[in-house]
Structures are given as C-alpha cells and as structure tokens.
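Printed here is final-v1.txt (compact mmCIF, C-alpha atoms):
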# COMPACT_ATOMS: atom_id res chain seq x y z
CA MET P 1 80.36 136.40 64.18
CA ARG P 2 80.25 134.19 67.25
CA LYS P 3 83.08 134.31 69.73
CA TRP P 4 84.21 130.72 69.15
CA SER P 5 84.68 131.27 65.42
CA VAL P 6 86.93 134.26 66.11
CA VAL P 7 88.90 132.15 68.58
CA SER P 8 89.15 129.29 66.05
CA VAL P 9 90.61 131.61 63.43
CA VAL P 10 93.15 133.00 65.92
CA TYR P 11 93.98 129.45 67.00
CA VAL P 12 94.67 128.26 63.46
CA LEU P 13 96.72 131.38 62.69
CA ALA P 14 98.80 130.86 65.84
CA LEU P 15 99.44 127.23 64.87
CA ILE P 16 100.58 128.26 61.39
CA LEU P 17 102.84 130.93 62.92
CA LEU P 18 104.33 128.38 65.30
CA TRP P 19 104.91 125.96 62.43
CA VAL P 20 106.68 128.63 60.38
CA TYR P 21 108.72 129.82 63.38
CA THR P 22 109.87 126.31 64.37
CA GLY P 23 110.79 125.70 60.75
CA ARG P 24 112.89 128.85 60.56
CA VAL P 25 114.85 128.10 63.73
CA GLY P 26 115.31 124.55 62.45
CA MET P 27 113.74 122.88 65.49
CA GLU P 28 114.13 119.13 65.23
CA ASN P 29 111.03 117.04 66.06
CA ARG P 30 108.93 120.15 65.50
CA SER P 31 105.92 118.16 64.33
CA PHE P 32 105.67 116.59 67.80
CA VAL P 33 106.18 119.91 69.58
CA VAL P 34 103.67 121.82 67.44
CA ALA P 35 101.14 118.97 67.60
CA GLY P 36 101.51 118.76 71.40
CA TYR P 37 101.00 122.46 72.10
CA GLY P 38 98.31 122.63 69.43
CA LEU P 39 96.48 119.72 71.03
CA THR P 40 96.73 121.26 74.50
CA TRP P 41 95.32 124.62 73.42
CA GLY P 42 92.76 123.02 71.12
CA ALA P 43 91.44 120.62 73.74
CA LEU P 44 91.18 123.21 76.52
CA LEU P 45 89.57 125.85 74.30
CA TRP P 46 87.18 123.27 72.86
CA TYR P 47 86.12 122.14 76.33
CA ALA P 48 85.66 125.73 77.57
CA PHE P 49 83.40 126.57 74.61
CA ARG P 50 81.61 123.25 74.87
CA LEU P 51 80.67 124.14 78.47
CA GLU P 52 79.20 127.45 77.31
CA SER P 53 77.09 125.83 74.59
CA ARG P 54 75.86 123.14 76.98
CA GLY P 55 74.99 125.94 79.40
CA ARG P 56 72.96 127.77 76.76
CA THR P 57 71.07 124.63 75.76
CA THR P 58 70.27 123.78 79.37
CA ALA P 59 69.25 127.36 80.16
CA HIS P 60 66.76 127.33 77.26
CA ALA P 61 65.32 124.05 78.49
CA VAL P 62 64.98 125.42 82.04
CA GLU P 63 63.21 128.54 80.79
CA SER P 64 60.67 126.46 78.89
CA PHE P 65 59.42 125.16 82.24
CA GLU P 66 59.48 128.49 84.04
CA VAL P 67 55.77 129.28 84.15
CA GLU P 68 54.68 126.04 85.79
CA VAL P 69 57.17 126.15 88.64
CA THR P 70 57.04 129.72 89.92
CA GLY P 71 53.80 129.00 91.82
CA ASP P 72 55.28 126.76 94.51
CA MET H 1 65.74 105.27 79.90
CA ASN H 2 66.41 105.06 76.16
CA LYS H 3 68.48 102.45 74.38
CA SER H 4 71.67 104.44 73.80
CA LYS H 5 71.71 105.44 77.46
CA LYS H 6 71.46 101.79 78.44
CA ILE H 7 74.41 100.92 76.21
CA TRP H 8 76.46 103.72 77.77
CA ALA H 9 75.45 102.58 81.21
CA GLY H 10 76.51 99.02 80.43
CA LEU H 11 79.83 100.22 79.04
CA GLY H 12 80.35 102.39 82.08
CA VAL H 13 79.71 99.64 84.57
CA LEU H 14 81.97 97.32 82.55
CA ALA H 15 84.74 99.92 82.50
CA ILE H 16 84.57 100.47 86.26
CA ALA H 17 84.37 96.75 87.05
CA GLY H 18 87.13 95.94 84.55
CA GLY H 19 89.35 98.72 85.87
CA ILE H 20 88.98 97.67 89.48
CA ALA H 21 89.41 93.99 88.59
CA MET H 22 92.60 94.79 86.68
CA LEU H 23 93.86 96.77 89.64
CA ILE H 24 93.27 93.92 92.04
CA ALA H 25 94.46 91.15 89.72
CA GLY H 26 97.48 92.78 88.16
CA GLY H 27 98.20 96.25 89.44
CA LEU H 28 98.26 95.64 93.14
CA SER H 29 100.29 92.46 93.14
CA SER H 30 103.97 93.05 93.66
CA ASN H 31 105.17 90.75 90.88
CA VAL H 32 104.43 93.11 88.00
CA VAL H 33 107.49 92.52 85.88
CA TYR H 34 107.54 94.67 82.78
CA PHE H 35 110.95 93.41 81.65
CA LEU H 36 113.63 90.93 82.68
CA THR H 37 117.16 92.13 83.35
CA PRO H 38 120.00 90.36 81.52
CA SER H 39 121.06 88.49 84.66
CA GLU H 40 117.46 87.39 85.32
CA LEU H 41 117.13 86.16 81.74
CA ARG H 42 120.40 84.22 82.15
CA ALA H 43 119.10 82.67 85.36
CA GLU H 44 115.80 81.76 83.72
CA LEU H 45 117.64 80.23 80.76
CA ALA H 46 119.76 78.13 83.10
CA GLU H 47 116.67 76.91 84.94
CA ARG H 48 114.04 76.37 82.27
CA ALA H 49 115.47 77.16 78.84
CA ASP H 50 112.82 75.19 76.94
CA GLU H 51 110.05 77.39 78.37
CA ILE H 52 111.88 80.66 77.72
CA VAL H 53 113.60 80.22 74.36
CA ASP H 54 111.62 81.58 71.42
CA GLN H 55 108.92 82.96 73.71
CA PRO H 56 107.99 86.66 73.45
CA LEU H 57 109.45 88.64 76.33
CA ARG H 58 110.97 91.98 77.23
CA LEU H 59 114.59 92.52 78.12
CA GLY H 60 115.71 95.70 79.84
CA GLY H 61 119.16 97.01 80.68
CA GLN H 62 121.98 99.22 79.55
CA VAL H 63 123.53 99.19 76.08
CA LYS H 64 127.04 98.02 76.92
CA PRO H 65 129.61 100.65 75.89
CA GLY H 66 131.78 99.39 73.05
CA SER H 67 129.33 96.68 71.99
CA LEU H 68 127.43 98.60 69.33
CA THR H 69 127.75 97.80 65.62
CA TRP H 70 125.48 99.22 62.94
CA ASP H 71 125.41 98.09 59.33
CA ALA H 72 123.62 100.98 57.63
CA GLU H 73 123.15 99.11 54.36
CA ALA H 74 121.68 95.94 55.79
CA LEU H 75 119.94 97.96 58.56
CA ASP H 76 121.48 95.44 60.93
CA LEU H 77 121.99 96.65 64.50
CA ARG H 78 123.87 94.60 67.08
CA PHE H 79 124.62 95.43 70.68
CA VAL H 80 124.86 93.86 74.12
CA VAL H 81 122.34 94.63 76.85
CA ALA H 82 123.98 94.40 80.26
CA ASP H 83 123.36 94.86 83.94
CA SER H 84 125.99 94.56 86.66
CA LEU H 85 125.83 90.76 86.63
CA GLY H 86 124.89 89.59 83.15
CA GLU H 87 124.96 90.28 79.44
CA VAL H 88 122.72 89.33 76.53
CA PRO H 89 123.59 89.99 72.86
CA VAL H 90 120.78 91.61 70.90
CA ARG H 91 120.13 91.84 67.16
CA SER H 92 117.73 94.39 65.76
CA THR H 93 116.79 95.48 62.26
CA GLY H 94 115.93 98.97 61.17
CA ALA H 95 117.01 102.36 62.44
CA PRO H 96 116.85 102.72 66.24
CA PRO H 97 115.10 105.65 68.00
CA ALA H 98 117.05 108.92 67.78
CA MET H 99 118.20 108.83 71.41
CA PHE H 100 119.69 105.36 71.09
CA LYS H 101 123.41 105.22 71.89
CA GLU H 102 125.93 103.26 73.92
CA GLY H 103 125.41 103.46 77.66
CA ILE H 104 121.70 104.33 77.46
CA GLY H 105 118.91 102.29 79.04
CA VAL H 106 116.77 100.23 76.67
CA VAL H 107 113.80 97.88 76.78
CA VAL H 108 113.76 95.36 73.95
CA GLU H 109 110.72 93.33 72.94
CA GLY H 110 111.45 90.10 71.13
CA ARG H 111 112.57 86.49 71.59
CA TYR H 112 115.69 84.78 72.81
CA THR H 113 116.55 82.36 70.01
CA HIS H 114 118.32 79.00 69.88
CA GLU H 115 121.36 80.79 68.41
CA GLY H 116 121.85 82.52 71.75
CA VAL H 117 120.89 85.98 70.45
CA PHE H 118 117.95 88.09 71.54
CA GLU H 119 116.05 88.94 68.34
CA SER H 120 114.47 92.37 68.80
CA LYS H 121 111.09 93.15 67.31
CA ASN H 122 110.72 96.45 69.07
CA LEU H 123 113.52 98.56 70.47
CA MET H 124 112.60 101.21 73.05
CA VAL H 125 114.90 103.77 74.63
CA LYS H 126 114.54 104.92 78.24
CA HIS H 127 115.25 108.46 79.25
CA SER H 128 116.03 109.72 82.74
CA ASN H 129 114.13 112.19 84.90
CA GLU H 130 117.05 114.59 84.69
CA TYR H 131 116.68 117.64 82.53
CA GLU H 132 119.29 120.27 81.86
CA PRO H 133 120.11 122.72 79.11
CA PRO H 134 123.18 122.08 76.95
CA HIS H 135 126.30 122.97 78.92
CA GLY H 136 127.66 126.49 78.80
CA GLU H 137 124.56 127.97 77.24
CA LYS H 138 122.58 130.38 79.37
CA PRO H 139 118.89 130.93 78.59
CA GLU H 140 119.53 134.57 77.67
CA GLN H 141 122.18 133.50 75.17
CA MET H 142 119.81 130.90 73.81
CA TYR H 143 117.17 133.58 73.48
CA GLU H 144 119.55 135.87 71.63
CA SER H 145 120.69 133.15 69.28
CA LEU H 146 117.06 132.33 68.52
CA ILE H 147 116.32 135.94 67.63
CA LYS H 148 119.42 136.08 65.45
CA SER H 149 118.51 132.96 63.57
CA ASP H 150 115.10 134.51 62.98
CA GLY H 151 116.46 137.35 60.88
CA MET J 1 74.27 129.84 82.30
CA GLY J 2 73.97 133.59 82.31
CA PRO J 3 76.78 136.10 81.95
CA ARG J 4 80.10 135.49 83.65
CA THR J 5 80.57 137.14 87.01
CA VAL J 6 83.51 139.50 87.57
CA VAL J 7 85.36 136.70 89.36
CA GLU J 8 84.78 134.30 86.46
CA LYS J 9 85.86 136.87 83.89
CA THR J 10 89.03 137.68 85.85
CA LEU J 11 89.80 134.01 86.27
CA GLY J 12 89.27 133.39 82.56
CA ILE J 13 91.56 136.25 81.53
CA LEU J 14 94.24 135.21 84.03
CA ALA J 15 94.05 131.62 82.78
CA LEU J 16 94.40 132.72 79.16
CA LEU J 17 97.30 135.11 79.84
CA SER J 18 99.20 132.64 82.01
CA MET J 19 98.76 129.88 79.42
CA MET J 20 100.11 132.20 76.75
CA ALA J 21 103.09 133.08 78.96
CA GLY J 22 103.64 129.40 79.78
CA SER J 23 103.60 128.30 76.16
CA TYR J 24 105.80 131.20 75.08
CA VAL J 25 108.45 130.47 77.70
CA GLY J 26 108.18 126.73 77.15
CA LEU J 27 108.51 126.99 73.38
CA ARG J 28 110.86 129.87 72.96
CA VAL J 29 112.66 131.23 76.02
CA VAL J 30 113.86 128.18 77.91
CA PRO J 31 116.65 126.13 76.31
CA ALA J 32 115.82 122.57 75.32
CA ASP J 33 117.11 119.59 77.30
CA ALA J 34 120.61 118.54 76.28
CA ALA J 35 119.84 114.84 75.95
CA GLN J 36 116.38 114.95 74.37
CA GLY J 37 116.40 118.12 72.37
CA ASN J 38 113.32 120.19 71.65
CA VAL J 39 110.81 117.40 72.11
CA GLN J 40 111.45 117.73 75.86
CA ARG J 41 109.34 120.92 75.60
CA LEU J 42 106.31 118.62 75.67
CA MET J 43 107.10 118.10 79.36
CA TYR J 44 105.72 121.58 80.09
CA VAL J 45 102.25 120.51 78.98
CA HIS J 46 102.34 116.76 79.70
CA GLY J 47 103.46 117.11 83.33
CA PRO J 48 100.98 119.83 84.38
CA ALA J 49 98.13 118.00 82.60
CA ALA J 50 98.92 114.88 84.64
CA TRP J 51 99.11 116.82 87.90
CA LEU J 52 95.80 118.52 87.24
CA ALA J 53 94.18 115.16 86.47
CA PHE J 54 95.40 113.92 89.86
CA LEU J 55 94.07 117.07 91.55
CA CYS J 56 90.68 116.67 89.85
CA PHE J 57 90.29 113.09 91.04
CA PHE J 58 91.45 114.04 94.53
CA ILE J 59 88.66 116.63 94.61
CA VAL J 60 86.22 113.95 93.41
CA PHE J 61 87.40 111.78 96.31
CA VAL J 62 87.01 114.50 98.96
CA MET J 63 83.62 115.60 97.63
CA SER J 64 82.43 111.98 97.48
CA VAL J 65 83.37 111.43 101.11
CA LEU J 66 81.65 114.69 102.09
CA TYR J 67 78.55 113.66 100.17
CA LEU J 68 78.39 110.26 101.84
CA ILE J 69 78.61 111.94 105.24
CA GLN J 70 76.33 114.94 104.72
CA ARG J 71 74.15 113.92 101.73
CA ASP J 72 74.34 117.46 100.41
CA GLU J 73 73.82 117.63 96.64
CA ARG J 74 76.29 120.51 96.35
CA TRP J 75 79.16 118.09 97.04
CA ASP J 76 77.80 115.79 94.36
CA ARG J 77 77.79 118.60 91.82
CA VAL J 78 81.39 119.55 92.57
CA ALA J 79 82.45 115.89 92.35
CA ALA J 80 80.72 115.43 88.98
CA SER J 81 82.28 118.62 87.62
CA SER J 82 85.75 117.72 88.82
CA ALA J 83 85.53 114.19 87.39
CA GLU J 84 84.59 115.47 83.94
CA ILE J 85 87.45 118.00 83.86
CA GLY J 86 89.76 115.27 85.18
CA VAL J 87 88.87 113.11 82.19
CA VAL J 88 89.80 115.97 79.84
CA PHE J 89 93.19 116.32 81.56
CA THR J 90 93.76 112.55 81.59
CA VAL J 91 93.10 112.25 77.86
CA LEU J 92 95.43 115.20 77.30
CA THR J 93 98.11 113.57 79.47
CA LEU J 94 97.88 110.29 77.57
CA LEU J 95 97.95 111.87 74.10
CA LEU J 96 100.82 114.23 74.96
CA GLY J 97 102.67 111.33 76.57
CA MET J 98 102.24 109.30 73.39
CA MET J 99 103.80 112.08 71.31
CA TRP J 100 106.68 112.51 73.74
CA GLY J 101 107.09 108.73 73.93
CA LYS J 102 107.19 108.30 70.16
CA ALA J 103 109.93 110.90 69.85
CA THR J 104 112.09 109.66 72.75
CA TRP J 105 111.28 105.99 73.47
CA GLY J 106 110.50 105.18 69.86
CA VAL J 107 106.94 103.96 70.51
CA PHE J 108 103.58 105.65 71.05
CA TRP J 109 102.49 103.07 73.57
CA THR J 110 103.75 100.15 75.63
CA TRP J 111 102.00 98.29 78.44
CA ASP J 112 104.40 99.31 81.17
CA PRO J 113 102.92 99.79 84.68
CA ARG J 114 102.72 103.61 84.44
CA LEU J 115 100.91 103.61 81.11
CA THR J 116 98.68 100.69 82.05
CA THR J 117 97.56 102.18 85.37
CA THR J 118 96.93 105.53 83.64
CA ALA J 119 94.73 103.81 81.05
CA ILE J 120 92.83 102.20 83.94
CA LEU J 121 92.51 105.65 85.55
CA LEU J 122 90.83 106.94 82.41
CA ALA J 123 88.52 103.89 82.29
CA ILE J 124 87.44 104.42 85.90
CA TYR J 125 86.43 108.06 85.45
CA VAL J 126 84.88 107.56 82.02
CA GLY J 127 82.89 104.82 83.77
CA TYR J 128 82.04 107.28 86.55
CA GLY J 129 80.60 109.66 83.96
CA ALA J 130 78.68 106.89 82.21
CA LEU J 131 77.24 105.76 85.53
CA ARG J 132 75.99 109.28 86.16
CA SER J 133 74.27 109.50 82.79
CA PHE J 134 72.58 106.17 83.40
CA ALA J 135 71.20 106.68 86.91
CA GLU J 136 68.04 108.75 86.72
CA ASP J 137 67.13 109.04 90.38
CA GLU J 138 69.12 112.00 91.70
CA GLU J 139 69.82 110.61 95.13
CA LYS J 140 70.79 107.13 93.93
CA ARG J 141 73.05 108.63 91.27
CA ALA J 142 74.79 110.81 93.84
CA ARG J 143 75.25 107.88 96.22
CA TRP J 144 76.52 105.41 93.60
CA SER J 145 78.89 107.86 92.02
CA ALA J 146 80.21 108.91 95.45
CA ILE J 147 81.05 105.26 96.14
CA VAL J 148 82.86 105.00 92.79
CA GLY J 149 84.54 108.33 93.50
CA VAL J 150 85.97 106.93 96.73
CA ILE J 151 86.95 103.45 95.51
CA GLY J 152 88.23 104.69 92.14
CA PHE J 153 90.63 107.09 93.86
CA VAL J 154 92.64 104.09 95.10
CA ASN J 155 94.18 104.02 91.63
CA VAL J 156 95.55 107.59 91.77
CA PRO J 157 98.42 106.91 94.22
CA ILE J 158 99.07 103.67 92.35
CA VAL J 159 99.53 105.60 89.09
CA TYR J 160 101.84 108.03 90.85
CA MET J 161 103.91 105.36 92.61
CA SER J 162 103.95 102.91 89.67
CA VAL J 163 107.27 104.27 88.40
CA THR J 164 108.81 103.79 91.84
CA TRP J 165 107.29 100.43 92.75
CA TRP J 166 107.76 98.64 89.46
CA ARG J 167 110.02 98.47 86.44
CA THR J 168 108.77 100.81 83.77
CA LEU J 169 109.81 102.37 80.51
CA HIS J 170 108.50 105.67 81.88
CA GLN J 171 111.02 107.70 83.88
CA PRO J 172 110.54 108.23 87.65
CA PRO J 173 109.02 111.54 88.83
CA SER J 174 111.18 114.62 88.39
CA SER J 175 112.30 116.51 91.46
CA PRO J 176 113.94 119.91 91.94
CA ARG J 177 117.23 118.04 92.25
CA SER J 178 116.87 116.26 88.91
CA VAL J 179 115.78 119.31 86.92
CA ALA J 180 117.87 122.38 86.05
CA PRO J 181 116.45 125.66 87.48
CA ASP J 182 115.33 127.18 84.15
CA ILE J 183 113.47 124.05 83.20
CA LEU J 184 111.96 123.74 86.69
CA TRP J 185 110.67 127.33 86.65
CA THR J 186 109.14 126.86 83.24
CA LEU J 187 107.42 123.74 84.53
CA MET J 188 106.10 125.63 87.57
CA LEU J 189 104.86 128.50 85.41
CA ASN J 190 102.92 126.06 83.26
CA LEU J 191 101.61 124.23 86.31
CA ALA J 192 100.27 127.56 87.63
CA ALA J 193 98.70 128.33 84.25
CA PHE J 194 97.03 124.90 84.08
CA THR J 195 95.74 125.36 87.63
CA LEU J 196 94.13 128.68 86.64
CA VAL J 197 92.57 127.02 83.58
CA PHE J 198 91.26 124.29 85.85
CA ALA J 199 89.82 126.84 88.31
CA TYR J 200 88.03 128.66 85.49
CA LEU J 201 86.64 125.45 83.99
CA MET J 202 85.55 124.31 87.45
CA VAL J 203 83.48 127.40 88.27
CA ARG J 204 81.80 127.25 84.86
CA ARG J 205 81.20 123.51 85.08
CA ILE J 206 79.69 123.79 88.57
CA ARG J 207 77.36 126.50 87.25
CA LEU J 208 76.30 124.13 84.50
CA ALA J 209 75.75 121.36 87.07
CA LYS J 210 73.47 123.67 89.10
CA LEU J 211 71.51 124.52 85.97
CA GLU J 212 71.17 120.84 85.07
CA GLY J 213 69.91 120.12 88.58
CA GLU J 214 67.35 122.90 88.20
CA LEU J 215 66.22 121.45 84.86
CA GLU J 216 65.79 118.01 86.43
CA ARG J 217 63.67 119.46 89.25
CA ARG J 218 61.45 121.32 86.83
CA MET J 219 61.06 118.31 84.57
CA ALA J 220 60.13 116.16 87.55
CA TYR J 221 57.66 118.78 88.78
CA ASN J 222 55.99 118.95 85.39
CA ALA J 223 55.97 115.23 84.74

Please go through the file and, once you have read it, give me the structure as structure tokens.
Amino acid sequence: MRKWSVVSVVYVLALILLWVYTGRVGMENRSFVVAGYGLTWGALLWYAFRLESRGRTTAHAVESFEVEVTGD
Amino acid sequence: MNKSKKIWAGLGVLAIAGGIAMLIAGGLSSNVVYFLTPSELRAELAERADEIVDQPLRLGGQVKPGSLTWDAEALDLRFVVADSLGEVPVRSTGAPPAMFKEGIGVVVEGRYTHEGVFESKNLMVKHSNEYEPPHGEKPEQMYESLIKSDG
Amino acid sequence: MGPRTVVEKTLGILALLSMMAGSYVGLRVVPADAAQGNVQRLMYVHGPAAWLAFLCFFIVFVMSVLYLIQRDERWDRVAASSAEIGVVFTVLTLLLGMMWGKATWGVFWTWDPRLTTTAILLAIYVGYGALRSFAEDEEKRARWSAIVGVIGFVNVPIVYMSVTWWRTLHQPPSSPRSVAPDILWTLMLNLAAFTLVFAYLMVRRIRLAKLEGELERRMAYNA
C-alpha cells in the first residue's frame, strides 16, 4: 500500500476519534472546531503529498531526456 | 502555448491587475468606511435624509445595556445601537448570533426606514482581541475535569 | 525528486510531531476562551496560517528583489516556491476565518477591510502563479514574476494594518497584553509547528523547482 493511503486512513480515523471525543465532552460548536482542525491537517497533508507526486512525475520526464543531454 | 494555458494566463493577468486596481482605488484611500456609527448616521440624517433613508447601509456600535427586548414567538428582536454621542433603534427578525448580548459591539446591515427604525437584514457580532479562560479555572483543573467527563 | 535527505526527514518528523502537539494542546489541554467558548480554539490554526502566509509573501518579496539585482535563477525558484506555499496558507486562513466568523460574528463573510484586502492578497498571488505558468521564456518569466512579487507585496502590510487603519468587523491584532498566558503559549506552540511545516514544504518545493528547471533545459536542448 502506498504511503498516502495509509496516512489517509489514519487521518480519517483521527477525525472520527475527535468527533466522538468532542461529543462526549459536550463541546459546543464542535462541528466548526472539528472541521477547522480537519481542514488544516487535510490541506497540509494533501499539499505535502501533492509535492511528492509532482516530483515523481517531473523526475520521470527528466529521465526520459537523459541520454541526449549527457554529451554536453 | 495551448488554449487552457492562455485562459489561465488571461485570468492571472486580470487577477493581478484587478487586485492592484482595487488596492489603489479603494484600499489605499483613507475614506474606507465599513459602517457608520450611530452619531454619524444621525448627522447624515439631519443633513440629507432623503438620500439616506431606505438605502442599504451598515450601522456599527454597542448594544445599549437595558435596551434589548426579544419576542421568542414572533422572533422579533429590538435593541438600541449606541456610541457615546448618538443612538439608533434597531429591529431584527430571527435568532441573533450566539454571542449577541447587551453591551457587545455589533455591525448591522439594513436600512433606516421612514418610521425612524433601522431595519436589520443581517446582524453581526464583533468580538474583541482579548482572550482569557473562564475565571477561577486553571488549565490543570480544566484538564482533570475533561478526563473525568470522559469516563 | 529522489529520497529525502537526513535534514529533510528530520524536518518532516519535527513538523509532524509539533503539529500533533499543537493540535492536542489547542484542542484538549488549554481552556477555551470565556467569551467565545470552544470555537476560539480555531484561533490556534487561523492565526498561525495567516502569519505563515505573510512570511511566505515576504520571502517572495526579498527573493524578487534579489533576483532583479543579481539575475540568479536560484532566487526565482525560491520566490516561486514560497508564493505557492503562501497561497496554500492564505486559502487556509480564509476558510478557517470563515468558520470562526460564522460561529462568532454570525456570518461566513462580509466585505470589511480586513477580509477584502485578504481576498485581494489571494488574487495577487494566484495571479502570480498563473503568470508563471503562462510565460514560457525562463528569463522573462523570472523577471515578470519578480516585478509582481515586489509590487504585490505592497498589499501585505495593508492587510496587516487594515484592522488598525479602518473600521472592521474583524478584531484588531492580539498582543501578549490582550491574551491570557495559557492561550498565548498555545498560540506560540502552534506558530512554531506551522513554521516547521512551512520549512519542510519549502525545502521539498525548492527541490521540485530545481527538477522542473532541469526538465525545461532538457526539453529546450532536445527541441
């Protein structure tokens, strides 16, 4: 399994845990709080993994040109 | 350059130009007035009532202590917005934001009507830049009480 | 991009651990604000996101000036990387602010000076990114975007000062005097965590920028 799918599962589990926990302590406005922290983590993790996948794509493209350039 | 790139480029240039134009036209000028204070609205009404009455505008000030009445059945909310020099009565329908109370700062969007009441379409509550835990509760105690309520 | 270096790995782990600590303290350890209740906990992510956006665009500004003086493509790569990460933090700031605003002010959005200038901030740096994707000549792209990076930065102090200069719905900036110690420390912890996240994203994004530059050179050579 790829790393990002493991992280996604952990992320979703953590969100569910947070939802259950905030419900049990009776936190008012918990939908805003959970959505806010969920968004923060989600956006930053997404961007970090997006960078890696862009890096892989670009690296493949660079390699496809390798032979022609090494001569200079 | 392909077509979608050209569209993005156009949008990009528009966004930059629009952003900078907005900054110069609106943002940088000193007369950016997001809301009128009650005394300013009174002054405006005295000067040019026909241009102000029934026009959409924002009114900002403090909810005058003792002025609040709330009819829960009719969802009718009445209060007075005041600053140190002036007062304007406001009528609003529907439940206000949770933080709404007497003495708090508000910004009200709506119109000043011929009846002499500011009809609110949108009631917004200001909050301060001061943050403090509830009095008498230390973080450790809070932590303990959270753990207890867990079990 | 190749495997992460030891420095990158360490930075990544530190960023992750400090974010976990920041969220844990922000959500569970620190007491909520007396006036606002638990929704004030959004401050610990909204505030740092906004600060990091400012930092990103400041770096864009410095790198743009350096590029215009020295014409070194390294400065251009750092500026491009910082601008993109700044957009991520600006979007985050706006969305988190909307949630906090809905719960306290009663509205997701209003065109007050702080919110309006922040929306313009986003437009400027989204435009910066679009400009980069449109310019194909490397040197022209670097020069144009450096000019935008310098002029666009004018808006950053305006966003910051908007709550002081003009009437807004948004509250003025917090200061150590206006914030209770526990809340302040939690804010600082999260600011440190966000800064580590930023540092990690930066080193990875600059690596990607180098790789993209290499790809462009090879494509040009083979064309």

Which chain P residues have any atom within 9 Å of an atom of chain J, and for each, what is the nearest pair of atoms with distance in Å to one decimal, counting all atoms listed in the file, rows sorted by chain and number, as JSON lines?
{"residue": "P:Met27", "atom": "CA", "partner": "J:Asn38", "partner_atom": "CA", "distance": 6.7}
{"residue": "P:Glu28", "atom": "CA", "partner": "J:Asn38", "partner_atom": "CA", "distance": 6.6}
{"residue": "P:Asn29", "atom": "CA", "partner": "J:Val39", "partner_atom": "CA", "distance": 6.1}
{"residue": "P:Arg30", "atom": "CA", "partner": "J:Val39", "partner_atom": "CA", "distance": 7.4}
{"residue": "P:Phe32", "atom": "CA", "partner": "J:Met99", "partner_atom": "CA", "distance": 6.0}
{"residue": "P:Val33", "atom": "CA", "partner": "J:Val39", "partner_atom": "CA", "distance": 5.8}
{"residue": "P:Ala35", "atom": "CA", "partner": "J:Met99", "partner_atom": "CA", "distance": 8.3}
{"residue": "P:Gly36", "atom": "CA", "partner": "J:Leu96", "partner_atom": "CA", "distance": 5.8}
{"residue": "P:Tyr37", "atom": "CA", "partner": "J:Val45", "partner_atom": "CA", "distance": 7.3}
{"residue": "P:Leu39", "atom": "CA", "partner": "J:Leu92", "partner_atom": "CA", "distance": 7.8}
{"residue": "P:Thr40", "atom": "CA", "partner": "J:Leu92", "partner_atom": "CA", "distance": 6.8}
{"residue": "P:Trp41", "atom": "CA", "partner": "J:Met19", "partner_atom": "CA", "distance": 8.7}
{"residue": "P:Ala43", "atom": "CA", "partner": "J:Leu92", "partner_atom": "CA", "distance": 7.6}
{"residue": "P:Leu44", "atom": "CA", "partner": "J:Val88", "partner_atom": "CA", "distance": 8.1}
{"residue": "P:Tyr47", "atom": "CA", "partner": "J:Val88", "partner_atom": "CA", "distance": 8.0}
{"residue": "P:Ala48", "atom": "CA", "partner": "J:Leu201", "partner_atom": "CA", "distance": 6.5}
{"residue": "P:Leu51", "atom": "CA", "partner": "J:Arg205", "partner_atom": "CA", "distance": 6.7}
{"residue": "P:Glu52", "atom": "CA", "partner": "J:Met1", "partner_atom": "CA", "distance": 7.4}
{"residue": "P:Arg54", "atom": "CA", "partner": "J:Leu208", "partner_atom": "CA", "distance": 7.6}
{"residue": "P:Gly55", "atom": "CA", "partner": "J:Met1", "partner_atom": "CA", "distance": 4.9}
{"residue": "P:Arg56", "atom": "CA", "partner": "J:Met1", "partner_atom": "CA", "distance": 6.1}
{"residue": "P:Thr57", "atom": "CA", "partner": "J:Met1", "partner_atom": "CA", "distance": 9.0}
{"residue": "P:Thr58", "atom": "CA", "partner": "J:Glu212", "partner_atom": "CA", "distance": 6.5}
{"residue": "P:Ala59", "atom": "CA", "partner": "J:Met1", "partner_atom": "CA", "distance": 6.0}
{"residue": "P:Ala61", "atom": "CA", "partner": "J:Leu215", "partner_atom": "CA", "distance": 6.9}
{"residue": "P:Val62", "atom": "CA", "partner": "J:Leu215", "partner_atom": "CA", "distance": 5.0}
{"residue": "P:Glu63", "atom": "CA", "partner": "J:Leu215", "partner_atom": "CA", "distance": 8.7}
{"residue": "P:Phe65", "atom": "CA", "partner": "J:Arg218", "partner_atom": "CA", "distance": 6.3}
{"residue": "P:Glu66", "atom": "CA", "partner": "J:Arg218", "partner_atom": "CA", "distance": 7.9}
{"residue": "P:Glu68", "atom": "CA", "partner": "J:Asn222", "partner_atom": "CA", "distance": 7.2}
{"residue": "P:Val69", "atom": "CA", "partner": "J:Arg218", "partner_atom": "CA", "distance": 6.7}

Query raised in the report: Neighbours of segment 118-133 of chain J within 9 Å (all atoms listed in the file; same-chain residues fewer than 5 positions away dropped), as number ranges by chain?
Result: H: 5, 8-20, 22-23; J: 57, 80, 83-84, 86-87, 90-91, 94, 113, 141-142, 144-145, 148-149, 152-153, 155-156, 159

Counting all atoms listed in the file, which residues of chain P come no farther than 10 Å from chain H, as a PDB file with C-alpha atoms, in the frame of the given file?
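Done, and the output landed in result27.pdb:
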ATOM      1  CA  TYR P  21     108.720 129.820  63.380  1.00  0.00           C
ATOM      2  CA  THR P  22     109.870 126.310  64.370  1.00  0.00           C
ATOM      3  CA  ARG P  24     112.890 128.850  60.560  1.00  0.00           C
ATOM      4  CA  VAL P  25     114.850 128.100  63.730  1.00  0.00           C
ATOM      5  CA  GLY P  26     115.310 124.550  62.450  1.00  0.00           C
TER       6      GLY P  26
END

**Report entry** Distance filter 7 Å, only C-alpha atoms, chain J against chain H, as a ChimeraX atom specification
**Finding:** /J:29-34,104-107,112,120,123-124,126-128,130-131,134,166-169,171-174,178-180

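For the pair atom CA of Ile104 of chain H and atom CA of Val81 of chain H, the separation is 9.7 Å.
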
Report summary line: Atom pair atom CA of Ala72 of chain H + atom CA of Leu57 of chain H, distance 26.5 Å

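Distance-wise, atom CA of Ile69 of chain J and atom CA of Ala53 of chain J end up 24.6 Å apart.
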